[in-house]
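Next up, start.cif (mmCIF, N, CA and C atoms):
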data_data
loop_
_atom_site.label_atom_id
_atom_site.label_comp_id
_atom_site.auth_asym_id
_atom_site.auth_seq_id
_atom_site.Cartn_x
_atom_site.Cartn_y
_atom_site.Cartn_z
N MET A 2 -44.75 -41.92 213.98
CA MET A 2 -45.47 -41.28 212.90
C MET A 2 -45.95 -39.91 213.35
N THR A 3 -45.86 -38.95 212.48
CA THR A 3 -46.25 -37.59 212.84
C THR A 3 -47.76 -37.42 212.77
N ARG A 4 -48.23 -36.47 213.55
CA ARG A 4 -49.66 -36.21 213.60
C ARG A 4 -50.05 -35.29 212.45
N VAL A 5 -51.14 -35.64 211.78
CA VAL A 5 -51.63 -34.83 210.67
C VAL A 5 -52.89 -34.10 211.12
N LYS A 6 -52.86 -32.78 210.98
CA LYS A 6 -54.05 -32.00 211.33
C LYS A 6 -54.87 -31.83 210.07
N ARG A 7 -56.13 -32.32 210.11
CA ARG A 7 -56.95 -32.39 208.91
C ARG A 7 -57.94 -31.24 208.77
N GLY A 8 -57.85 -30.25 209.61
CA GLY A 8 -58.85 -29.18 209.61
C GLY A 8 -58.98 -28.49 208.28
N TYR A 9 -57.89 -28.12 207.65
CA TYR A 9 -57.92 -27.39 206.38
C TYR A 9 -58.53 -28.23 205.27
N THR A 10 -58.11 -29.48 205.17
CA THR A 10 -58.60 -30.37 204.11
C THR A 10 -60.10 -30.63 204.27
N ALA A 11 -60.51 -30.95 205.49
CA ALA A 11 -61.92 -31.26 205.74
C ALA A 11 -62.79 -30.03 205.49
N ARG A 12 -62.29 -28.86 205.92
CA ARG A 12 -63.06 -27.63 205.74
C ARG A 12 -63.21 -27.31 204.25
N ARG A 13 -62.14 -27.52 203.50
CA ARG A 13 -62.19 -27.28 202.06
C ARG A 13 -63.18 -28.22 201.38
N ARG A 14 -63.22 -29.48 201.79
CA ARG A 14 -64.14 -30.46 201.21
C ARG A 14 -65.59 -30.09 201.55
N ARG A 15 -65.83 -29.74 202.82
CA ARG A 15 -67.19 -29.37 203.23
C ARG A 15 -67.66 -28.09 202.55
N LYS A 16 -66.73 -27.16 202.37
CA LYS A 16 -67.07 -25.90 201.72
C LYS A 16 -67.49 -26.14 200.28
N LYS A 17 -66.81 -27.07 199.61
CA LYS A 17 -67.15 -27.40 198.22
C LYS A 17 -68.55 -28.01 198.14
N ILE A 18 -68.88 -28.88 199.10
CA ILE A 18 -70.21 -29.50 199.13
C ILE A 18 -71.27 -28.45 199.44
N ARG A 19 -70.97 -27.54 200.37
CA ARG A 19 -71.94 -26.50 200.73
C ARG A 19 -72.18 -25.53 199.58
N LEU A 20 -71.16 -25.25 198.79
CA LEU A 20 -71.36 -24.38 197.63
C LEU A 20 -72.30 -25.03 196.63
N PHE A 21 -72.16 -26.33 196.45
CA PHE A 21 -73.04 -27.06 195.55
C PHE A 21 -74.48 -27.03 196.06
N ALA A 22 -74.62 -27.18 197.40
CA ALA A 22 -75.96 -27.29 198.00
C ALA A 22 -76.50 -25.95 198.50
N SER A 23 -75.91 -24.85 198.06
CA SER A 23 -76.31 -23.55 198.61
C SER A 23 -77.74 -23.17 198.25
N THR A 24 -78.27 -23.71 197.16
CA THR A 24 -79.64 -23.37 196.77
C THR A 24 -80.67 -24.31 197.37
N PHE A 25 -80.21 -25.35 198.07
CA PHE A 25 -81.15 -26.28 198.69
C PHE A 25 -81.82 -25.61 199.88
N ILE A 26 -82.97 -26.15 200.31
CA ILE A 26 -83.78 -25.51 201.35
C ILE A 26 -83.53 -26.15 202.71
N GLY A 27 -83.47 -25.31 203.73
CA GLY A 27 -83.41 -25.78 205.12
C GLY A 27 -82.10 -26.48 205.46
N ALA A 28 -82.23 -27.59 206.19
CA ALA A 28 -81.05 -28.33 206.65
C ALA A 28 -80.27 -28.92 205.49
N HIS A 29 -80.92 -29.08 204.34
CA HIS A 29 -80.24 -29.65 203.17
C HIS A 29 -79.12 -28.76 202.68
N SER A 30 -79.14 -27.48 203.06
CA SER A 30 -78.05 -26.59 202.65
C SER A 30 -77.11 -26.26 203.80
N ARG A 31 -77.43 -26.68 205.03
CA ARG A 31 -76.64 -26.27 206.19
C ARG A 31 -75.86 -27.41 206.86
N LEU A 32 -76.49 -28.56 207.01
CA LEU A 32 -75.85 -29.65 207.74
C LEU A 32 -75.05 -30.53 206.79
N THR A 33 -73.85 -30.87 207.24
CA THR A 33 -72.90 -31.55 206.36
C THR A 33 -73.42 -32.90 205.86
N ARG A 34 -73.95 -33.70 206.75
CA ARG A 34 -74.38 -35.04 206.34
C ARG A 34 -75.56 -34.97 205.36
N THR A 35 -76.53 -34.11 205.66
CA THR A 35 -77.68 -34.01 204.77
C THR A 35 -77.31 -33.36 203.44
N THR A 36 -76.38 -32.41 203.47
CA THR A 36 -75.95 -31.82 202.19
C THR A 36 -75.27 -32.86 201.32
N THR A 37 -74.47 -33.73 201.94
CA THR A 37 -73.81 -34.79 201.18
C THR A 37 -74.83 -35.73 200.56
N GLN A 38 -75.85 -36.10 201.34
CA GLN A 38 -76.89 -37.00 200.83
C GLN A 38 -77.68 -36.34 199.71
N GLN A 39 -78.04 -35.08 199.90
CA GLN A 39 -78.82 -34.37 198.88
C GLN A 39 -78.01 -34.15 197.61
N ARG A 40 -76.71 -33.94 197.78
CA ARG A 40 -75.83 -33.77 196.61
C ARG A 40 -75.79 -35.05 195.79
N MET A 41 -75.65 -36.19 196.48
CA MET A 41 -75.64 -37.47 195.78
C MET A 41 -76.98 -37.68 195.06
N ARG A 42 -78.05 -37.35 195.73
CA ARG A 42 -79.38 -37.52 195.14
C ARG A 42 -79.57 -36.61 193.92
N ALA A 43 -79.09 -35.37 194.04
CA ALA A 43 -79.22 -34.42 192.94
C ALA A 43 -78.42 -34.87 191.72
N LEU A 44 -77.23 -35.40 191.95
CA LEU A 44 -76.40 -35.86 190.84
C LEU A 44 -77.01 -37.08 190.16
N VAL A 45 -77.61 -37.97 190.95
CA VAL A 45 -78.29 -39.14 190.37
C VAL A 45 -79.48 -38.69 189.52
N SER A 46 -80.24 -37.73 190.05
CA SER A 46 -81.41 -37.23 189.31
C SER A 46 -81.01 -36.55 188.01
N SER A 47 -79.94 -35.76 188.06
CA SER A 47 -79.52 -35.06 186.84
C SER A 47 -79.02 -36.03 185.79
N HIS A 48 -78.33 -37.09 186.23
CA HIS A 48 -77.85 -38.11 185.28
C HIS A 48 -79.02 -38.84 184.64
N ARG A 49 -80.01 -39.21 185.46
CA ARG A 49 -81.18 -39.93 184.96
C ARG A 49 -82.00 -39.04 184.01
N ASP A 50 -82.15 -37.78 184.36
CA ASP A 50 -83.03 -36.90 183.60
C ASP A 50 -82.42 -36.40 182.31
N ARG A 51 -81.11 -36.53 182.15
CA ARG A 51 -80.52 -36.16 180.86
C ARG A 51 -81.00 -37.10 179.77
N SER A 52 -81.08 -38.39 180.07
CA SER A 52 -81.60 -39.33 179.07
C SER A 52 -83.13 -39.25 179.01
N ARG A 53 -83.75 -38.90 180.11
CA ARG A 53 -85.20 -38.75 180.15
C ARG A 53 -85.67 -37.60 179.24
N LYS A 54 -84.85 -36.53 179.22
CA LYS A 54 -85.19 -35.37 178.41
C LYS A 54 -85.24 -35.73 176.92
N LYS A 55 -84.29 -36.55 176.48
CA LYS A 55 -84.28 -36.99 175.08
C LYS A 55 -85.57 -37.76 174.76
N ARG A 56 -85.97 -38.63 175.69
CA ARG A 56 -87.18 -39.43 175.51
C ARG A 56 -88.41 -38.52 175.44
N ASP A 57 -88.46 -37.53 176.33
CA ASP A 57 -89.62 -36.64 176.38
C ASP A 57 -89.75 -35.79 175.11
N PHE A 58 -88.61 -35.31 174.60
CA PHE A 58 -88.65 -34.52 173.37
C PHE A 58 -89.10 -35.37 172.20
N ARG A 59 -88.64 -36.62 172.13
CA ARG A 59 -89.06 -37.50 171.04
C ARG A 59 -90.58 -37.72 171.10
N ARG A 60 -91.13 -37.90 172.30
CA ARG A 60 -92.58 -38.05 172.47
C ARG A 60 -93.31 -36.80 172.01
N LEU A 61 -92.76 -35.63 172.33
CA LEU A 61 -93.38 -34.37 171.92
C LEU A 61 -93.41 -34.24 170.40
N TRP A 62 -92.29 -34.58 169.74
CA TRP A 62 -92.23 -34.49 168.29
C TRP A 62 -93.23 -35.44 167.64
N ILE A 63 -93.32 -36.66 168.18
CA ILE A 63 -94.26 -37.64 167.64
C ILE A 63 -95.69 -37.15 167.78
N THR A 64 -96.01 -36.56 168.93
CA THR A 64 -97.35 -36.03 169.16
C THR A 64 -97.69 -34.92 168.18
N ARG A 65 -96.73 -34.03 167.94
CA ARG A 65 -96.96 -32.92 167.01
C ARG A 65 -97.18 -33.41 165.58
N ILE A 66 -96.36 -34.37 165.16
CA ILE A 66 -96.50 -34.92 163.80
C ILE A 66 -97.84 -35.64 163.67
N ASN A 67 -98.20 -36.39 164.70
CA ASN A 67 -99.47 -37.13 164.70
C ASN A 67 -100.65 -36.18 164.60
N ALA A 68 -100.58 -35.06 165.32
CA ALA A 68 -101.68 -34.09 165.29
C ALA A 68 -101.86 -33.51 163.89
N VAL A 69 -100.77 -33.22 163.22
CA VAL A 69 -100.87 -32.63 161.88
C VAL A 69 -101.31 -33.67 160.86
N THR A 70 -100.86 -34.91 161.01
CA THR A 70 -101.26 -35.94 160.04
C THR A 70 -102.72 -36.32 160.18
N HIS A 71 -103.32 -36.08 161.34
CA HIS A 71 -104.73 -36.41 161.52
C HIS A 71 -105.67 -35.27 161.13
N GLU A 72 -105.12 -34.15 160.70
CA GLU A 72 -105.98 -33.05 160.27
C GLU A 72 -106.69 -33.45 158.97
N ASP A 73 -107.76 -32.72 158.66
CA ASP A 73 -108.60 -33.12 157.53
C ASP A 73 -107.94 -32.95 156.17
N ARG A 74 -106.84 -32.19 156.09
CA ARG A 74 -106.17 -32.03 154.79
C ARG A 74 -105.42 -33.30 154.39
N ILE A 75 -104.85 -33.97 155.38
CA ILE A 75 -104.02 -35.14 155.08
C ILE A 75 -104.74 -36.43 155.48
N PHE A 76 -105.25 -36.48 156.70
CA PHE A 76 -105.91 -37.64 157.30
C PHE A 76 -105.13 -38.93 157.04
N TYR A 77 -104.10 -39.06 157.78
CA TYR A 77 -103.11 -40.11 157.63
C TYR A 77 -102.73 -40.54 159.03
N SER A 78 -102.43 -41.79 159.26
CA SER A 78 -101.97 -42.17 160.60
C SER A 78 -100.47 -41.94 160.69
N TYR A 79 -100.01 -41.69 161.88
CA TYR A 79 -98.59 -41.38 162.10
C TYR A 79 -97.71 -42.55 161.68
N SER A 80 -98.09 -43.75 162.08
CA SER A 80 -97.25 -44.91 161.79
C SER A 80 -97.13 -45.15 160.29
N LEU A 81 -98.24 -44.98 159.57
CA LEU A 81 -98.20 -45.12 158.10
C LEU A 81 -97.34 -44.03 157.47
N PHE A 82 -97.46 -42.84 158.00
CA PHE A 82 -96.68 -41.72 157.48
C PHE A 82 -95.18 -41.99 157.60
N ILE A 83 -94.74 -42.41 158.78
CA ILE A 83 -93.32 -42.69 159.01
C ILE A 83 -92.88 -43.90 158.18
N HIS A 84 -93.73 -44.90 158.11
CA HIS A 84 -93.40 -46.10 157.33
C HIS A 84 -93.18 -45.74 155.86
N ASN A 85 -94.08 -44.93 155.31
CA ASN A 85 -93.96 -44.53 153.91
C ASN A 85 -92.79 -43.59 153.67
N LEU A 86 -92.45 -42.77 154.69
CA LEU A 86 -91.26 -41.93 154.57
C LEU A 86 -90.01 -42.78 154.38
N TYR A 87 -89.88 -43.82 155.19
CA TYR A 87 -88.72 -44.70 155.09
C TYR A 87 -88.75 -45.50 153.78
N LYS A 88 -89.95 -45.90 153.37
CA LYS A 88 -90.10 -46.64 152.12
C LYS A 88 -89.63 -45.82 150.92
N ARG A 89 -90.00 -44.54 150.92
CA ARG A 89 -89.64 -43.65 149.81
C ARG A 89 -88.24 -43.06 149.97
N GLN A 90 -87.55 -43.44 151.03
CA GLN A 90 -86.19 -42.98 151.35
C GLN A 90 -86.12 -41.45 151.50
N LEU A 91 -87.17 -40.87 152.06
CA LEU A 91 -87.16 -39.45 152.44
C LEU A 91 -86.75 -39.39 153.90
N LEU A 92 -85.47 -39.39 154.14
CA LEU A 92 -84.95 -39.53 155.50
C LEU A 92 -84.96 -38.17 156.21
N LEU A 93 -86.07 -37.87 156.84
CA LEU A 93 -86.21 -36.68 157.68
C LEU A 93 -86.48 -37.17 159.09
N ASN A 94 -85.71 -36.65 160.05
CA ASN A 94 -85.95 -37.12 161.42
C ASN A 94 -87.17 -36.43 162.02
N ARG A 95 -87.61 -36.94 163.15
CA ARG A 95 -88.85 -36.48 163.77
C ARG A 95 -88.77 -35.04 164.23
N LYS A 96 -87.59 -34.62 164.64
CA LYS A 96 -87.41 -33.24 165.10
C LYS A 96 -87.68 -32.26 163.95
N ILE A 97 -87.10 -32.52 162.80
CA ILE A 97 -87.28 -31.65 161.64
C ILE A 97 -88.73 -31.70 161.16
N LEU A 98 -89.32 -32.89 161.14
CA LEU A 98 -90.72 -33.02 160.71
C LEU A 98 -91.65 -32.23 161.63
N ALA A 99 -91.38 -32.27 162.94
CA ALA A 99 -92.21 -31.54 163.89
C ALA A 99 -92.07 -30.03 163.69
N GLN A 100 -90.84 -29.57 163.41
CA GLN A 100 -90.64 -28.14 163.16
C GLN A 100 -91.36 -27.71 161.89
N ILE A 101 -91.30 -28.53 160.86
CA ILE A 101 -92.00 -28.23 159.60
C ILE A 101 -93.51 -28.21 159.85
N ALA A 102 -94.00 -29.18 160.62
CA ALA A 102 -95.43 -29.27 160.90
C ALA A 102 -95.94 -28.04 161.65
N LEU A 103 -95.12 -27.50 162.55
CA LEU A 103 -95.53 -26.31 163.30
C LEU A 103 -95.42 -25.04 162.48
N SER A 104 -94.28 -24.86 161.82
CA SER A 104 -94.01 -23.57 161.19
C SER A 104 -94.63 -23.44 159.79
N ASN A 105 -94.60 -24.53 159.02
CA ASN A 105 -95.03 -24.43 157.63
C ASN A 105 -95.85 -25.66 157.25
N LYS A 106 -97.14 -25.59 157.46
CA LYS A 106 -97.99 -26.76 157.19
C LYS A 106 -98.11 -27.06 155.70
N ASN A 107 -97.95 -26.03 154.86
CA ASN A 107 -98.00 -26.26 153.41
C ASN A 107 -96.85 -27.16 152.97
N CYS A 108 -95.69 -26.92 153.54
CA CYS A 108 -94.52 -27.75 153.22
C CYS A 108 -94.75 -29.18 153.68
N PHE A 109 -95.37 -29.33 154.85
CA PHE A 109 -95.69 -30.67 155.36
C PHE A 109 -96.68 -31.37 154.44
N ASP A 110 -97.65 -30.60 153.92
CA ASP A 110 -98.61 -31.16 152.96
C ASP A 110 -97.91 -31.63 151.69
N ILE A 111 -96.93 -30.85 151.23
CA ILE A 111 -96.17 -31.22 150.03
C ILE A 111 -95.44 -32.54 150.26
N ILE A 112 -94.84 -32.68 151.44
CA ILE A 112 -94.12 -33.93 151.76
C ILE A 112 -95.09 -35.11 151.77
N SER A 113 -96.24 -34.93 152.42
CA SER A 113 -97.21 -36.03 152.50
C SER A 113 -97.79 -36.35 151.12
N ASN A 114 -98.02 -35.32 150.30
CA ASN A 114 -98.53 -35.56 148.94
C ASN A 114 -97.50 -36.28 148.09
N LYS A 115 -96.24 -35.96 148.30
CA LYS A 115 -95.17 -36.64 147.57
C LYS A 115 -95.19 -38.13 147.91
N ILE A 116 -95.40 -38.45 149.16
CA ILE A 116 -95.47 -39.85 149.58
C ILE A 116 -96.67 -40.53 148.93
N ILE A 117 -97.83 -39.86 148.98
CA ILE A 117 -99.06 -40.45 148.43
C ILE A 117 -98.95 -40.61 146.92
N ASN A 118 -98.41 -39.60 146.22
CA ASN A 118 -98.26 -39.69 144.77
C ASN A 118 -97.30 -40.79 144.35
N GLN A 119 -96.20 -40.92 145.07
CA GLN A 119 -95.26 -41.99 144.76
C GLN A 119 -95.89 -43.34 145.00
N LYS A 120 -96.72 -43.40 146.04
CA LYS A 120 -97.41 -44.65 146.35
C LYS A 120 -98.35 -45.04 145.20
N SER A 121 -99.11 -44.07 144.69
CA SER A 121 -100.04 -44.37 143.60
C SER A 121 -99.30 -44.68 142.30
N ASN A 122 -98.15 -44.03 142.07
CA ASN A 122 -97.34 -44.30 140.88
C ASN A 122 -96.78 -45.72 140.89
N THR A 123 -96.34 -46.18 142.05
CA THR A 123 -95.78 -47.54 142.13
C THR A 123 -96.87 -48.58 141.96
N ASN A 124 -98.10 -48.27 142.40
CA ASN A 124 -99.21 -49.20 142.23
C ASN A 124 -99.62 -49.32 140.76
N GLN A 125 -99.52 -48.23 140.00
CA GLN A 125 -99.87 -48.25 138.58
C GLN A 125 -98.85 -49.04 137.76
N ILE A 126 -97.58 -48.95 138.17
CA ILE A 126 -96.51 -49.65 137.44
C ILE A 126 -96.68 -51.16 137.58
N LYS A 127 -97.06 -51.61 138.77
CA LYS A 127 -97.21 -53.05 139.01
C LYS A 127 -98.42 -53.54 138.30
#
Encoding of this model in structure tokens:
Amino acid sequence: MTRVKRGYTARRRRKKIRLFASTFIGAHSRLTRTTTQQRMRALVSSHRDRSRKKRDFRRLWITRINAVTHEDRIFYSYSLFIHNLYKRQLLLNRKILAQIALSNKNCFDIISNKIINQKSNTNQIK
């Protein structure tokens, strides 16, 4: 069997790992074994945090909607607000509701009043 010299292949592989880890600090960007470990750790963190980011944004939107619904103009709880939205089939997701709550509170008031008015109308019919 012929001898295979692996210098080129190994160097190319290490160079690729070092390029990935070039922004890491200290030995994490210089030593091959630690760069490999840090690269694996970084990839795991990025995979985990992609789904974490979605969760964090949803929490932010809920907090913003809750803050606006508790103001003295509406004084409504968040859970009741969302429940009544689904009941009235006003299908607006939390992201859009949070944007409306921040940019145009009058529009948010109109939405909440529509829910309250429909609620009182259905009670009168029964």
**Prompt:** Could you pull the residues within 7 Å of range 91-96 of chain A, counting only C-alpha atoms, minus those fewer than 4 positions along the same chain, as a VMD selection string?
**Reply:** chain A and resid 62 to 63 86 to 87 100
**Item:** Nearby residues (only N, CA and C atoms) at most 7 Å from Ile66 in chain A, same-chain spacing under 4 positions excluded, as a PyMOL selection string
**Value:** chain A and resi 61-62+70-71+79+98-99+102
Which residue is closest to Ile83 in chain A? Choose from A:Met41, A:Leu103, A:Ile26, A:Ile116 and count only C-alpha atoms.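 Of A:Met41, A:Leu103, A:Ile26, A:Ile116, the one nearest Ile83 in chain A is A:Ile116, counting only C-alpha atoms.
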Once you add 3 Å to each side, what are the centre and edge lengths of the axis-aligned box holding all listed atoms of range 98-116 of chain A? One decimal in Å, as lines of an AutoDock Vina configuration file, if you can.
center_x = -94.0
center_y = -32.0
center_z = 155.7
size_x = 15.3
size_y = 23.1
size_z = 22.3
field: Straight-line distance linking atom C of Gln39 in chain A with atom C of Gly8 in chain A, stated in Å to one decimal
entry: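 Straight-line distance from atom C of Gln39 in chain A to atom C of Gly8 in chain A works out to 22.5 Å.
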May I ask for the distance between CA of Ile112 in chain A and CA of Thr64 in chain A, given in Å to one decimal place?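 Taking CA of Ile112 in chain A and CA of Thr64 in chain A, their separation equals 17.8 Å.
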Inset, instruction - Rounded to one decimal place, report the atom N of Val69 in chain A-CA of Phe82 in chain A distance in Å. - result: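 The value is 11.0 Å.
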Residues of chain A in alpha helix (DSSP H) according to DSSP, as a ChimeraX atom specification?
/A:8-21,33-70,79-88,95-104,106-126
> Of the residues A:Ile111, A:Val5, A:Ile117, A:Ala28, which is the one nearest to Leu81 in chain A, using only C-alpha atoms?
Replying inline: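 Between A:Ile111, A:Val5, A:Ile117, A:Ala28, the residue approaching Leu81 in chain A most closely is A:Ile117.
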task: Counting only N, CA and C atoms, figure out which residue out of A:Asn107, A:Asn85, A:Ser80, A:Thr33 gets nearest to Ile18 in chain A.
output: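 Nearest candidate to Ile18 in chain A out of A:Asn107, A:Asn85, A:Ser80, A:Thr33: A:Thr33.
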query: Between A:Arg19, A:Arg4, A:Lys115, A:Arg59, which has the minimum distance to Thr37 in chain A (counting only N, CA and C atoms)?
result: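 The answer is A:Arg19, which sits nearest to Thr37 in chain A.
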